file query05.txt (compact mmCIF, C-alpha atoms)
# COMPACT_ATOMS: atom_id res chain seq x y z
CA MET N 1 22.35 -8.37 12.85
CA ASP N 2 21.08 -9.67 9.49
CA MET N 3 19.58 -7.10 7.13
CA ALA N 4 16.37 -7.69 5.20
CA VAL N 5 17.22 -4.70 2.98
CA SER N 6 20.51 -2.96 2.30
CA THR N 7 21.21 -0.24 -0.26
CA ARG N 8 24.43 1.58 -1.12
CA GLN N 9 24.73 4.78 -3.15
CA LEU N 10 21.36 4.04 -4.73
CA ARG N 11 20.37 6.57 -7.37
CA LYS N 12 17.44 6.88 -9.77
CA GLU N 13 16.63 9.70 -12.20
CA TYR N 14 13.59 10.43 -14.35
CA ASP N 15 14.69 12.78 -17.14
CA ASP N 16 15.88 15.85 -15.19
CA VAL N 17 14.35 14.78 -11.85
CA VAL N 18 16.50 12.93 -9.31
CA ALA N 19 14.17 10.59 -7.43
CA LEU N 20 16.84 8.97 -5.22
CA ARG N 21 20.18 10.54 -4.27
CA SER N 22 22.98 8.18 -3.22
CA LEU N 23 20.73 6.36 -0.77
CA ASP N 24 22.40 4.21 1.92
CA LEU N 25 19.79 2.33 3.94
CA ASP N 26 19.77 -0.76 6.17
CA VAL N 27 16.57 -2.41 7.43
CA PRO N 28 17.07 -5.24 9.95
CA GLU N 29 15.18 -8.49 9.62
CA GLY N 30 11.99 -8.48 11.68
CA ALA N 31 11.54 -4.70 11.66
CA ILE N 32 8.44 -2.67 10.93
CA PHE N 33 10.21 0.08 9.03
CA GLY N 34 8.45 3.28 8.05
CA LEU N 35 9.50 5.26 4.98
CA ILE N 36 8.23 8.71 5.80
CA GLY N 37 8.08 11.80 3.66
CA PRO N 38 5.83 13.92 1.45
CA ASN N 39 4.57 12.96 -1.97
CA GLY N 40 7.48 13.05 -4.39
CA ALA N 41 10.09 12.22 -1.75
CA GLY N 42 11.16 9.02 -3.54
CA LYS N 43 9.32 6.46 -1.42
CA SER N 44 7.51 4.70 -4.27
CA THR N 45 10.64 4.67 -6.43
CA LEU N 46 12.62 3.01 -3.65
CA LEU N 47 9.97 0.35 -3.06
CA LYS N 48 9.77 -0.45 -6.78
CA ILE N 49 13.54 -0.91 -6.91
CA LEU N 50 13.44 -3.17 -3.84
CA ALA N 51 10.67 -5.20 -5.51
CA ALA N 52 12.89 -5.62 -8.61
CA SER N 53 10.26 -3.97 -10.78
CA LEU N 54 12.45 -0.92 -11.50
CA GLN N 55 16.19 -0.79 -12.15
CA PRO N 56 18.38 1.79 -10.38
CA ASP N 57 20.65 3.98 -12.44
CA TYR N 58 23.56 3.59 -10.04
CA GLY N 59 24.41 1.86 -6.79
CA SER N 60 23.28 -1.45 -5.33
CA ALA N 61 20.37 -2.91 -3.39
CA ARG N 62 20.00 -6.29 -1.73
CA VAL N 63 16.72 -7.75 -0.46
CA ALA N 64 16.62 -10.95 1.63
CA GLY N 65 20.25 -11.45 0.63
CA PHE N 66 19.64 -11.16 -3.14
CA ASP N 67 20.93 -8.43 -5.45
CA VAL N 68 18.09 -6.66 -7.28
CA ARG N 69 20.10 -6.55 -10.52
CA GLN N 70 21.75 -9.96 -10.55
CA ALA N 71 19.02 -12.05 -8.89
CA ALA N 72 15.78 -10.25 -9.72
CA ALA N 73 13.73 -13.48 -9.82
CA ASP N 74 14.92 -14.45 -6.33
CA VAL N 75 14.09 -10.97 -5.06
CA ARG N 76 10.55 -11.20 -6.48
CA ARG N 77 10.05 -14.55 -4.78
CA SER N 78 11.20 -13.01 -1.49
CA VAL N 79 8.97 -9.93 -1.43
CA GLY N 80 5.30 -9.14 -1.36
CA PHE N 81 4.81 -5.78 -3.06
CA MET N 82 1.63 -3.77 -2.55
CA PRO N 83 1.60 -0.70 -4.80
CA ASP N 84 -0.15 2.56 -4.02
CA PHE N 85 -2.63 2.06 -6.86
CA PHE N 86 -4.07 -1.30 -7.89
CA ALA N 87 -6.86 -2.71 -10.06
CA LEU N 88 -9.38 -5.25 -8.82
CA TYR N 89 -11.84 -7.52 -10.59
CA GLU N 90 -15.16 -6.21 -9.27
CA ASN N 91 -17.31 -9.27 -10.09
CA VAL N 92 -14.91 -11.85 -8.64
CA THR N 93 -15.34 -13.20 -5.13
CA ALA N 94 -12.62 -12.60 -2.54
CA GLU N 95 -11.70 -16.30 -2.35
CA ASP N 96 -11.54 -16.71 -6.14
CA PHE N 97 -9.37 -13.60 -6.43
CA LEU N 98 -6.84 -15.00 -3.98
CA ALA N 99 -7.01 -18.54 -5.38
CA TYR N 100 -6.15 -17.13 -8.81
CA PHE N 101 -3.00 -15.47 -7.47
CA ALA N 102 -2.07 -18.58 -5.49
CA LEU N 103 -2.13 -20.47 -8.80
CA ALA N 104 -0.15 -17.69 -10.49
CA PHE N 105 2.57 -18.08 -7.84
CA GLY N 106 2.83 -21.81 -8.59
CA MET N 107 0.53 -23.26 -5.95
CA PRO N 108 -0.82 -26.74 -6.89
CA PRO N 109 -4.48 -26.46 -7.99
CA GLU N 110 -5.75 -28.54 -5.07
CA ARG N 111 -4.07 -26.12 -2.64
CA ALA N 112 -5.19 -22.85 -4.21
CA LEU N 113 -8.59 -22.49 -2.54
CA PRO N 114 -7.39 -23.63 0.91
CA ARG N 115 -4.53 -21.13 0.57
CA ALA N 116 -7.06 -18.41 -0.29
CA HIS N 117 -8.94 -19.20 2.92
CA GLU N 118 -5.70 -19.05 4.94
CA LEU N 119 -4.94 -15.64 3.47
CA LEU N 120 -8.42 -14.32 4.22
CA ASP N 121 -8.02 -15.49 7.82
CA ALA N 122 -4.65 -13.71 8.03
CA VAL N 123 -6.19 -10.34 7.12
CA ASN N 124 -9.41 -10.78 9.11
CA LEU N 125 -11.65 -11.21 6.07
CA ALA N 126 -12.79 -14.80 6.58
CA GLU N 127 -16.45 -13.78 6.74
CA LYS N 128 -16.15 -12.17 3.28
CA ARG N 129 -14.93 -15.29 1.45
CA THR N 130 -17.85 -15.44 -0.98
CA ALA N 131 -18.48 -11.69 -1.20
CA ARG N 132 -17.82 -10.04 -4.54
CA ILE N 133 -15.09 -7.42 -4.52
CA SER N 134 -17.64 -4.80 -5.55
CA GLU N 135 -19.34 -5.36 -2.17
CA LEU N 136 -16.21 -4.69 -0.10
CA SER N 137 -15.40 -1.39 1.61
CA ARG N 138 -12.17 0.44 0.80
CA GLY N 139 -10.53 -0.84 3.96
CA MET N 140 -11.53 -4.42 3.13
CA ARG N 141 -10.16 -4.01 -0.40
CA GLN N 142 -6.85 -2.80 1.02
CA ARG N 143 -6.64 -5.87 3.22
CA LEU N 144 -7.59 -8.12 0.31
CA VAL N 145 -4.73 -6.72 -1.77
CA LEU N 146 -2.43 -7.21 1.23
CA ALA N 147 -3.57 -10.84 1.35
CA LYS N 148 -2.65 -11.18 -2.33
CA THR N 149 0.90 -10.02 -1.57
CA LEU N 150 1.14 -12.89 0.95
CA ALA N 151 0.11 -15.62 -1.50
CA HIS N 152 3.67 -16.96 -1.92
CA ASP N 153 4.57 -16.48 1.78
CA PRO N 154 7.35 -13.87 1.30
CA PRO N 155 9.62 -12.90 4.21
CA VAL N 156 9.66 -9.18 3.23
CA LEU N 157 6.58 -7.00 2.66
CA LEU N 158 6.89 -3.75 0.69
CA LEU N 159 3.74 -1.69 1.20
CA ASP N 160 3.27 1.63 -0.58
CA GLU N 161 0.81 3.88 1.29
CA PRO N 162 -1.41 0.99 2.51
CA LEU N 163 -3.20 3.25 5.02
CA SER N 164 -3.96 6.03 2.56
CA GLY N 165 -7.63 6.96 2.24
CA LEU N 166 -8.80 4.72 5.07
CA ASP N 167 -11.09 5.86 7.87
CA PRO N 168 -9.76 5.61 11.47
CA LYS N 169 -11.31 2.18 12.11
CA ALA N 170 -9.98 0.76 8.84
CA ARG N 171 -6.49 2.14 9.61
CA MET N 172 -6.61 0.51 13.03
CA ASN N 173 -7.64 -2.83 11.48
CA MET N 174 -4.83 -2.62 8.92
CA ARG N 175 -2.23 -1.80 11.59
CA GLU N 176 -3.41 -4.77 13.65
CA VAL N 177 -3.05 -7.09 10.67
CA LEU N 178 0.46 -5.79 9.93
CA ARG N 179 1.56 -6.19 13.55
CA ASN N 180 0.32 -9.78 13.52
CA LEU N 181 2.22 -10.49 10.31
CA ASN N 182 5.34 -8.96 11.84
CA THR N 183 5.09 -11.12 14.96
CA ARG N 184 5.15 -14.14 12.65
CA GLY N 185 8.61 -13.17 11.47
CA ARG N 186 8.01 -10.97 8.44
CA THR N 187 9.87 -7.74 7.83
CA VAL N 188 7.41 -4.97 6.95
CA ILE N 189 8.52 -1.85 5.07
CA ILE N 190 5.69 0.64 4.83
CA SER N 191 5.63 4.07 3.21
CA SER N 192 3.39 6.91 4.29
CA HIS N 193 3.06 10.68 4.02
CA ILE N 194 0.68 10.61 7.00
CA LEU N 195 3.41 11.11 9.56
CA ALA N 196 1.59 11.08 12.89
CA GLU N 197 0.01 7.64 12.42
CA MET N 198 3.44 5.98 12.23
CA THR N 199 4.72 7.08 15.66
CA ASP N 200 3.53 4.09 17.72
CA PHE N 201 3.53 1.62 14.85
CA CYS N 202 7.05 1.37 13.45
CA THR N 203 10.10 -0.04 15.23
CA ALA N 204 12.31 2.16 13.03
CA VAL N 205 11.86 4.86 10.41
CA GLY N 206 13.64 6.51 7.51
CA ILE N 207 12.81 10.12 6.72
CA LEU N 208 13.04 11.01 3.02
CA GLU N 209 13.00 14.41 1.36
CA LYS N 210 13.67 15.04 -2.34
CA GLY N 211 15.24 11.61 -2.71
CA ALA N 212 17.68 12.05 0.17
CA LEU N 213 17.64 10.14 3.43
CA LEU N 214 17.61 12.76 6.19
CA ALA N 215 17.73 10.28 9.05
CA ALA N 216 17.15 6.59 9.76
CA GLY N 217 16.93 4.49 12.90
CA SER N 218 14.65 3.99 15.87
CA VAL N 219 12.24 6.79 16.71
CA ASP N 220 14.05 7.22 20.04
CA ALA N 221 17.43 7.57 18.34
CA ILE N 222 16.12 10.19 15.93
CA LYS N 223 14.44 12.06 18.78
CA GLN N 224 17.74 12.21 20.61
CA ARG N 225 19.49 13.42 17.47
CA VAL N 226 16.97 16.24 17.11
CA ALA N 227 16.36 17.18 20.70
CA GLY N 228 19.58 15.95 22.29
CA ALA N 229 17.66 14.52 25.25
CA VAL N 230 14.42 12.83 26.20
CA GLN N 231 11.91 14.95 28.11
CA VAL N 232 10.00 13.22 30.93
CA ALA N 233 7.14 14.26 33.22
CA VAL N 234 6.50 12.58 36.60
CA ASP N 235 3.28 12.99 38.58
CA VAL N 236 4.02 12.50 42.28
CA GLY N 237 2.01 12.31 45.47
CA GLY N 238 3.06 14.44 48.45
CA ASP N 239 5.87 16.96 48.28
CA PRO N 240 7.34 17.25 44.75
CA GLY N 241 10.51 18.62 46.36
CA ALA N 242 11.45 15.08 47.43
CA ALA N 243 11.27 13.90 43.84
CA ARG N 244 13.31 16.87 42.66
CA ALA N 245 15.98 16.09 45.26
CA VAL N 246 16.28 12.49 44.04
CA LEU N 247 16.33 13.46 40.39
CA GLY N 248 18.88 16.22 40.95
CA GLY N 249 21.42 13.64 42.04
CA ILE N 250 21.12 11.42 38.96
CA PRO N 251 23.74 11.95 36.21
CA GLY N 252 22.28 13.09 32.92
CA VAL N 253 19.12 14.54 34.48
CA GLU N 254 18.40 18.25 34.10
CA LEU N 255 15.39 19.50 36.04
CA LEU N 256 12.83 21.72 34.32
CA PRO N 257 10.22 24.04 35.85
CA GLY N 258 7.37 21.97 37.28
CA ASP N 259 3.66 22.54 37.67
CA GLY N 260 1.98 21.53 40.93
CA GLN N 261 2.53 17.84 41.59
CA GLN N 262 4.32 17.34 38.30
CA VAL N 263 8.12 17.22 38.06
CA ARG N 264 9.67 17.59 34.62
CA PHE N 265 13.21 16.89 33.48
CA THR N 266 15.34 16.09 30.43
CA LEU N 267 17.40 12.92 30.31
CA ALA N 268 20.56 12.49 28.25
CA GLY N 269 21.41 9.00 27.08
CA GLU N 270 19.33 5.92 26.38
CA ARG N 271 15.56 6.04 26.80
CA ALA N 272 15.78 2.77 28.79
CA ARG N 273 17.17 4.80 31.71
CA ILE N 274 13.65 6.10 32.37
CA ALA N 275 12.83 2.75 34.01
CA GLU N 276 15.92 3.07 36.24
CA ILE N 277 14.86 6.57 37.30
CA ASN N 278 11.37 5.35 38.15
CA ALA N 279 12.93 2.63 40.34
CA ALA N 280 15.17 5.20 42.07
CA LEU N 281 12.17 7.39 42.93
CA VAL N 282 10.20 4.45 44.32
CA HIS N 283 13.22 3.24 46.31
CA ALA N 284 13.51 6.71 47.87
CA GLY N 285 9.89 6.53 49.01
CA VAL N 286 8.50 8.99 46.44
CA PRO N 287 4.89 8.10 45.49
CA VAL N 288 4.99 7.95 41.68
CA LEU N 289 1.46 8.33 40.27
CA GLY N 290 2.51 8.48 36.64
CA LEU N 291 5.62 8.79 34.48
CA ARG N 292 5.58 9.53 30.77
CA GLU N 293 7.84 10.70 28.01
CA GLN N 294 7.03 14.00 26.35
CA GLY N 295 8.28 15.76 23.26
CA ALA N 296 8.35 15.38 19.53
CA GLY N 297 6.49 12.80 17.54
CA ILE N 298 7.57 11.71 14.08
CA GLU N 299 5.76 14.64 12.47
CA ASP N 300 7.67 17.17 14.59
CA LEU N 301 10.94 15.36 13.91
CA TYR N 302 10.37 15.42 10.18
CA PHE N 303 9.74 19.15 10.08
CA LYS N 304 12.74 19.86 12.27
CA LEU N 305 15.00 17.75 10.08
CA SER N 306 13.66 19.06 6.79
CA SER N 307 14.04 22.67 7.94
CA HIS N 308 17.75 21.96 8.61
CA GLU N 309 17.57 22.50 12.35
CA VAL N 310 19.89 19.48 12.56
CA GLN N 311 23.19 19.74 10.67

call {"tool": "encode", "arguments": {"input": "query05.txt", "output": "structure tokens"}}
result
Amino acid sequence: MDMAVSTRQLRKEYDDVVALRSLDLDVPEGAIFGLIGPNGAGKSTLLKILAASLQPDYGSARVAGFDVRQAAADVRRSVGFMPDFFALYENVTAEDFLAYFALAFGMPPERALPRAHELLDAVNLAEKRTARISELSRGMRQRLVLAKTLAHDPPVLLLDEPLSGLDPKARMNMREVLRNLNTRGRTVIISSHILAEMTDFCTAVGILEKGALLAAGSVDAIKQRVAGAVQVAVDVGGDPGAARAVLGGIPGVELLPGDGQQVRFTLAGERARIAEINAALVHAGVPVLGLREQGAGIEDLYFKLSSHEVQ
């Protein structure tokens, strides 16, 4: 599998503060990767290094196949970097703002305004083309800055807290835009200290604390590392004893106390086996009314990892 980002022994210090500690990280191409951790964990420092705007003190980092030290210009052409804090020109229209950056990235003058319109369409701001930035809501401004990072059509997006400060509707709109960009082949690396909102959004996550990578991988893999097994609840029609009899004969299944028509169990191994278990219940004639995974979300996993419950 090709990697959009790969770091080895990456380290960065600010005076007597170690921002990154020997960080080894791989992000596959096409992922939506969440960098999760509290303020001061090292998320912004890592993104700045990956954007070739900050040099590491030690170690290596490659983005889109380019080394951040030896091919910084190629890295910058390959990434769209959206910082946590940004300045906007209040009296400029949205389309002029984006056309300016299209020109700055080398777009021919006759293509700058059409490119601005394409970018506004990509972030669902087409109806605000002629609106001044001062008239835009915070969520619209966030999407406008995201559009600016797309001006040169980079394959990798580095987004530092893009959901911060947004209301629920604006966060939903931003997540929809990012999913659409990802389906078009872009790798999205997004940092956040708002842990819960990343659970159903990222295909993989890295959990940072004090510059150290506590865990990285799919949410399911990290759940299994923390809990050792997936916990599942099945709502059944009729006698739940029939479901318990079927489940009791499946390797890796450990039955838990149930409640009424609900049968609960833990499952060792891959999460994909849940579909096989559902098929086994149906084949045995058990009416399955609902089947869902239970257990820790990303927020729970972070606190378990950071409190050293996992060695």

call {"tool": "closest_residue", "arguments": {"input": "query05.txt", "among": "N:Leu25, N:Ala87, N:Val92, N:Ile32", "to": "Arg179 (chain N)", "atoms": "only C-alpha atoms"}}
result
N:Ile32

call {"tool": "atom_distance", "arguments": {"input": "query05.txt", "atom1": "CA of Leu255 (chain N)", "atom2": "CA of Leu267 (chain N)"}}
result
9.0 Å

call {"tool": "atom_distance", "arguments": {"input": "query05.txt", "atom1": "CA of Lys148 (chain N)", "atom2": "CA of Leu181 (chain N)"}}
result
13.6 Å

call {"tool": "atom_distance", "arguments": {"input": "query05.txt", "atom1": "CA of Met174 (chain N)", "atom2": "CA of Ala221 (chain N)"}}
result
26.2 Å

call {"tool": "closest_residue", "arguments": {"input": "query05.txt", "among": "N:Asp26, N:Asp57, N:Glu209, N:Asp121", "to": "Glu95 (chain N)", "atoms": "only C-alpha atoms"}}
result
N:Asp121

call {"tool": "closest_residue", "arguments": {"input": "query05.txt", "among": "N:Glu135, N:Glu254, N:Asp15, N:Asp160", "to": "Val188 (chain N)", "atoms": "only C-alpha atoms"}}
result
N:Asp160

call {"tool": "residues_around", "arguments": {"input": "query05.txt", "residues": "Gly34 (chain N)", "least_positions_apart": "3", "cutoff": "12 Å", "atoms": "all atoms listed in the file", "output": "PyMOL selection string"}}
result
chain N and resi 27+31+37+43+47+157-162+187-208+215-219+298

call {"tool": "closest_residue", "arguments": {"input": "query05.txt", "among": "N:Asn278, N:Thr7, N:Gln142, N:Asn182", "to": "Pro83 (chain N)", "atoms": "only C-alpha atoms"}}
result
N:Gln142

call {"tool": "closest_residue", "arguments": {"input": "query05.txt", "among": "N:Leu178, N:Met82, N:Met140, N:Leu120", "to": "Phe33 (chain N)", "atoms": "all atoms listed in the file"}}
result
N:Leu178

call {"tool": "closest_residue", "arguments": {"input": "query05.txt", "among": "N:Ala4, N:Tyr58, N:Asn173, N:Phe86", "to": "Val145 (chain N)", "atoms": "all atoms listed in the file"}}
result
N:Phe86

call {"tool": "residues_around", "arguments": {"input": "query05.txt", "residues": "region 283-288 of chain N", "least_positions_apart": "3", "cutoff": "7 Å", "atoms": "only C-alpha atoms", "output": "PyMOL selection string"}}
result
chain N and resi 235-237+242-243+279-280

call {"tool": "residues_around", "arguments": {"input": "query05.txt", "residues": "Arg132 (chain N)", "least_positions_apart": "6", "cutoff": "9 Å", "atoms": "only C-alpha atoms", "output": "list in words"}}
result
Tyr89, Glu90, Asn91, Val92, Thr93 and Ala94 of chain N

call {"tool": "residues_around", "arguments": {"input": "query05.txt", "residues": "Val232 (chain N)", "least_positions_apart": "4", "cutoff": "7 Å", "atoms": "all atoms listed in the file", "output": "PyMOL selection string"}}
result
chain N and resi 264-266+292-294

call {"tool": "write_last_selection", "arguments": {"input": "query05.txt", "atoms": "C-alpha atoms", "output": "PDB file, in the frame of the given file"}}
result
ATOM      1  CA  ARG N 264       9.670  17.590  34.620  1.00  0.00           C
ATOM      2  CA  PHE N 265      13.210  16.890  33.480  1.00  0.00           C
ATOM      3  CA  THR N 266      15.340  16.090  30.430  1.00  0.00           C
ATOM      4  CA  ARG N 292       5.580   9.530  30.770  1.00  0.00           C
ATOM      5  CA  GLU N 293       7.840  10.700  28.010  1.00  0.00           C
ATOM      6  CA  GLN N 294       7.030  14.000  26.350  1.00  0.00           C
TER       7      GLN N 294
END

call {"tool": "residues_around", "arguments": {"input": "query05.txt", "residues": "Asp67 (chain N)", "least_positions_apart": "5", "cutoff": "12 Å", "atoms": "all atoms listed in the file", "output": "PDB file with C-alpha atoms, in the coordinates of the input"}}
result
ATOM      1  CA  ALA N   4      16.370  -7.690   5.200  1.00  0.00           C
ATOM      2  CA  VAL N   5      17.220  -4.700   2.980  1.00  0.00           C
ATOM      3  CA  SER N   6      20.510  -2.960   2.300  1.00  0.00           C
ATOM      4  CA  THR N   7      21.210  -0.240  -0.260  1.00  0.00           C
ATOM      5  CA  ARG N   8      24.430   1.580  -1.120  1.00  0.00           C
ATOM      6  CA  ILE N  49      13.540  -0.910  -6.910  1.00  0.00           C
ATOM      7  CA  LEU N  50      13.440  -3.170  -3.840  1.00  0.00           C
ATOM      8  CA  ALA N  51      10.670  -5.200  -5.510  1.00  0.00           C
ATOM      9  CA  ALA N  52      12.890  -5.620  -8.610  1.00  0.00           C
ATOM     10  CA  GLN N  55      16.190  -0.790 -12.150  1.00  0.00           C
ATOM     11  CA  PRO N  56      18.380   1.790 -10.380  1.00  0.00           C
ATOM     12  CA  GLY N  59      24.410   1.860  -6.790  1.00  0.00           C
ATOM     13  CA  SER N  60      23.280  -1.450  -5.330  1.00  0.00           C
ATOM     14  CA  ALA N  61      20.370  -2.910  -3.390  1.00  0.00           C
ATOM     15  CA  ARG N  62      20.000  -6.290  -1.730  1.00  0.00           C
ATOM     16  CA  ALA N  72      15.780 -10.250  -9.720  1.00  0.00           C
ATOM     17  CA  ALA N  73      13.730 -13.480  -9.820  1.00  0.00           C
ATOM     18  CA  ASP N  74      14.920 -14.450  -6.330  1.00  0.00           C
ATOM     19  CA  VAL N  75      14.090 -10.970  -5.060  1.00  0.00           C
ATOM     20  CA  ARG N  76      10.550 -11.200  -6.480  1.00  0.00           C
ATOM     21  CA  SER N  78      11.200 -13.010  -1.490  1.00  0.00           C
TER      22      SER N  78
END

call {"tool": "build_atoms", "arguments": {"input": "query05.txt", "residues": "region 261-282 of chain N", "atoms": "N, CA and C atoms", "output": "mmCIF file, in the frame of the given file"}}
result
data_model
loop_
_atom_site.group_PDB
_atom_site.id
_atom_site.type_symbol
_atom_site.label_atom_id
_atom_site.label_comp_id
_atom_site.auth_asym_id
_atom_site.auth_seq_id
_atom_site.Cartn_x
_atom_site.Cartn_y
_atom_site.Cartn_z
ATOM 1 N N GLN N 261 1.983 19.139 41.191
ATOM 2 C CA GLN N 261 2.530 17.840 41.590
ATOM 3 C C GLN N 261 3.302 17.169 40.461
ATOM 4 N N GLN N 262 3.572 17.909 39.412
ATOM 5 C CA GLN N 262 4.320 17.340 38.300
ATOM 6 C C GLN N 262 5.762 17.842 38.307
ATOM 7 N N VAL N 263 6.696 16.897 38.163
ATOM 8 C CA VAL N 263 8.120 17.220 38.060
ATOM 9 C C VAL N 263 8.566 16.863 36.657
ATOM 10 N N ARG N 264 9.229 17.803 35.995
ATOM 11 C CA ARG N 264 9.670 17.590 34.620
ATOM 12 C C ARG N 264 11.193 17.678 34.543
ATOM 13 N N PHE N 265 11.762 16.860 33.651
ATOM 14 C CA PHE N 265 13.210 16.890 33.480
ATOM 15 C C PHE N 265 13.577 16.365 32.101
ATOM 16 N N THR N 266 14.794 16.685 31.648
ATOM 17 C CA THR N 266 15.340 16.090 30.430
ATOM 18 C C THR N 266 16.369 15.053 30.847
ATOM 19 N N LEU N 267 16.507 14.029 30.012
ATOM 20 C CA LEU N 267 17.400 12.920 30.310
ATOM 21 C C LEU N 267 18.295 12.660 29.117
ATOM 22 N N ALA N 268 19.583 12.810 29.301
ATOM 23 C CA ALA N 268 20.560 12.490 28.250
ATOM 24 C C ALA N 268 20.840 10.996 28.294
ATOM 25 N N GLY N 269 21.084 10.416 27.131
ATOM 26 C CA GLY N 269 21.410 9.000 27.080
ATOM 27 C C GLY N 269 20.239 8.160 26.602
ATOM 28 N N GLU N 270 20.314 6.858 26.887
ATOM 29 C CA GLU N 270 19.330 5.920 26.380
ATOM 30 C C GLU N 270 17.979 6.099 27.062
ATOM 31 N N ARG N 271 16.919 5.929 26.274
ATOM 32 C CA ARG N 271 15.560 6.040 26.800
ATOM 33 C C ARG N 271 15.290 4.983 27.880
ATOM 34 N N ALA N 272 15.990 3.847 27.814
ATOM 35 C CA ALA N 272 15.780 2.770 28.790
ATOM 36 C C ALA N 272 16.083 3.226 30.207
ATOM 37 N N ARG N 273 16.846 4.324 30.366
ATOM 38 C CA ARG N 273 17.170 4.800 31.710
ATOM 39 C C ARG N 273 15.937 5.348 32.440
ATOM 40 N N ILE N 274 14.863 5.610 31.711
ATOM 41 C CA ILE N 274 13.650 6.100 32.370
ATOM 42 C C ILE N 274 13.168 5.086 33.400
ATOM 43 N N ALA N 275 13.251 3.791 33.071
ATOM 44 C CA ALA N 275 12.830 2.750 34.010
ATOM 45 C C ALA N 275 13.715 2.762 35.260
ATOM 46 N N GLU N 276 15.013 3.007 35.092
ATOM 47 C CA GLU N 276 15.920 3.070 36.240
ATOM 48 C C GLU N 276 15.565 4.258 37.138
ATOM 49 N N ILE N 277 15.219 5.373 36.513
ATOM 50 C CA ILE N 277 14.860 6.570 37.300
ATOM 51 C C ILE N 277 13.580 6.344 38.065
ATOM 52 N N ASN N 278 12.611 5.680 37.443
ATOM 53 C CA ASN N 278 11.370 5.350 38.150
ATOM 54 C C ASN N 278 11.673 4.492 39.383
ATOM 55 N N ALA N 279 12.567 3.502 39.217
ATOM 56 C CA ALA N 279 12.930 2.630 40.340
ATOM 57 C C ALA N 279 13.625 3.420 41.448
ATOM 58 N N ALA N 280 14.469 4.391 41.070
ATOM 59 C CA ALA N 280 15.170 5.200 42.070
ATOM 60 C C ALA N 280 14.183 6.042 42.879
ATOM 61 N N LEU N 281 13.180 6.588 42.220
ATOM 62 C CA LEU N 281 12.170 7.390 42.930
ATOM 63 C C LEU N 281 11.378 6.519 43.909
ATOM 64 N N VAL N 282 10.961 5.346 43.454
ATOM 65 C CA VAL N 282 10.200 4.450 44.320
ATOM 66 C C VAL N 282 11.045 3.999 45.507
#
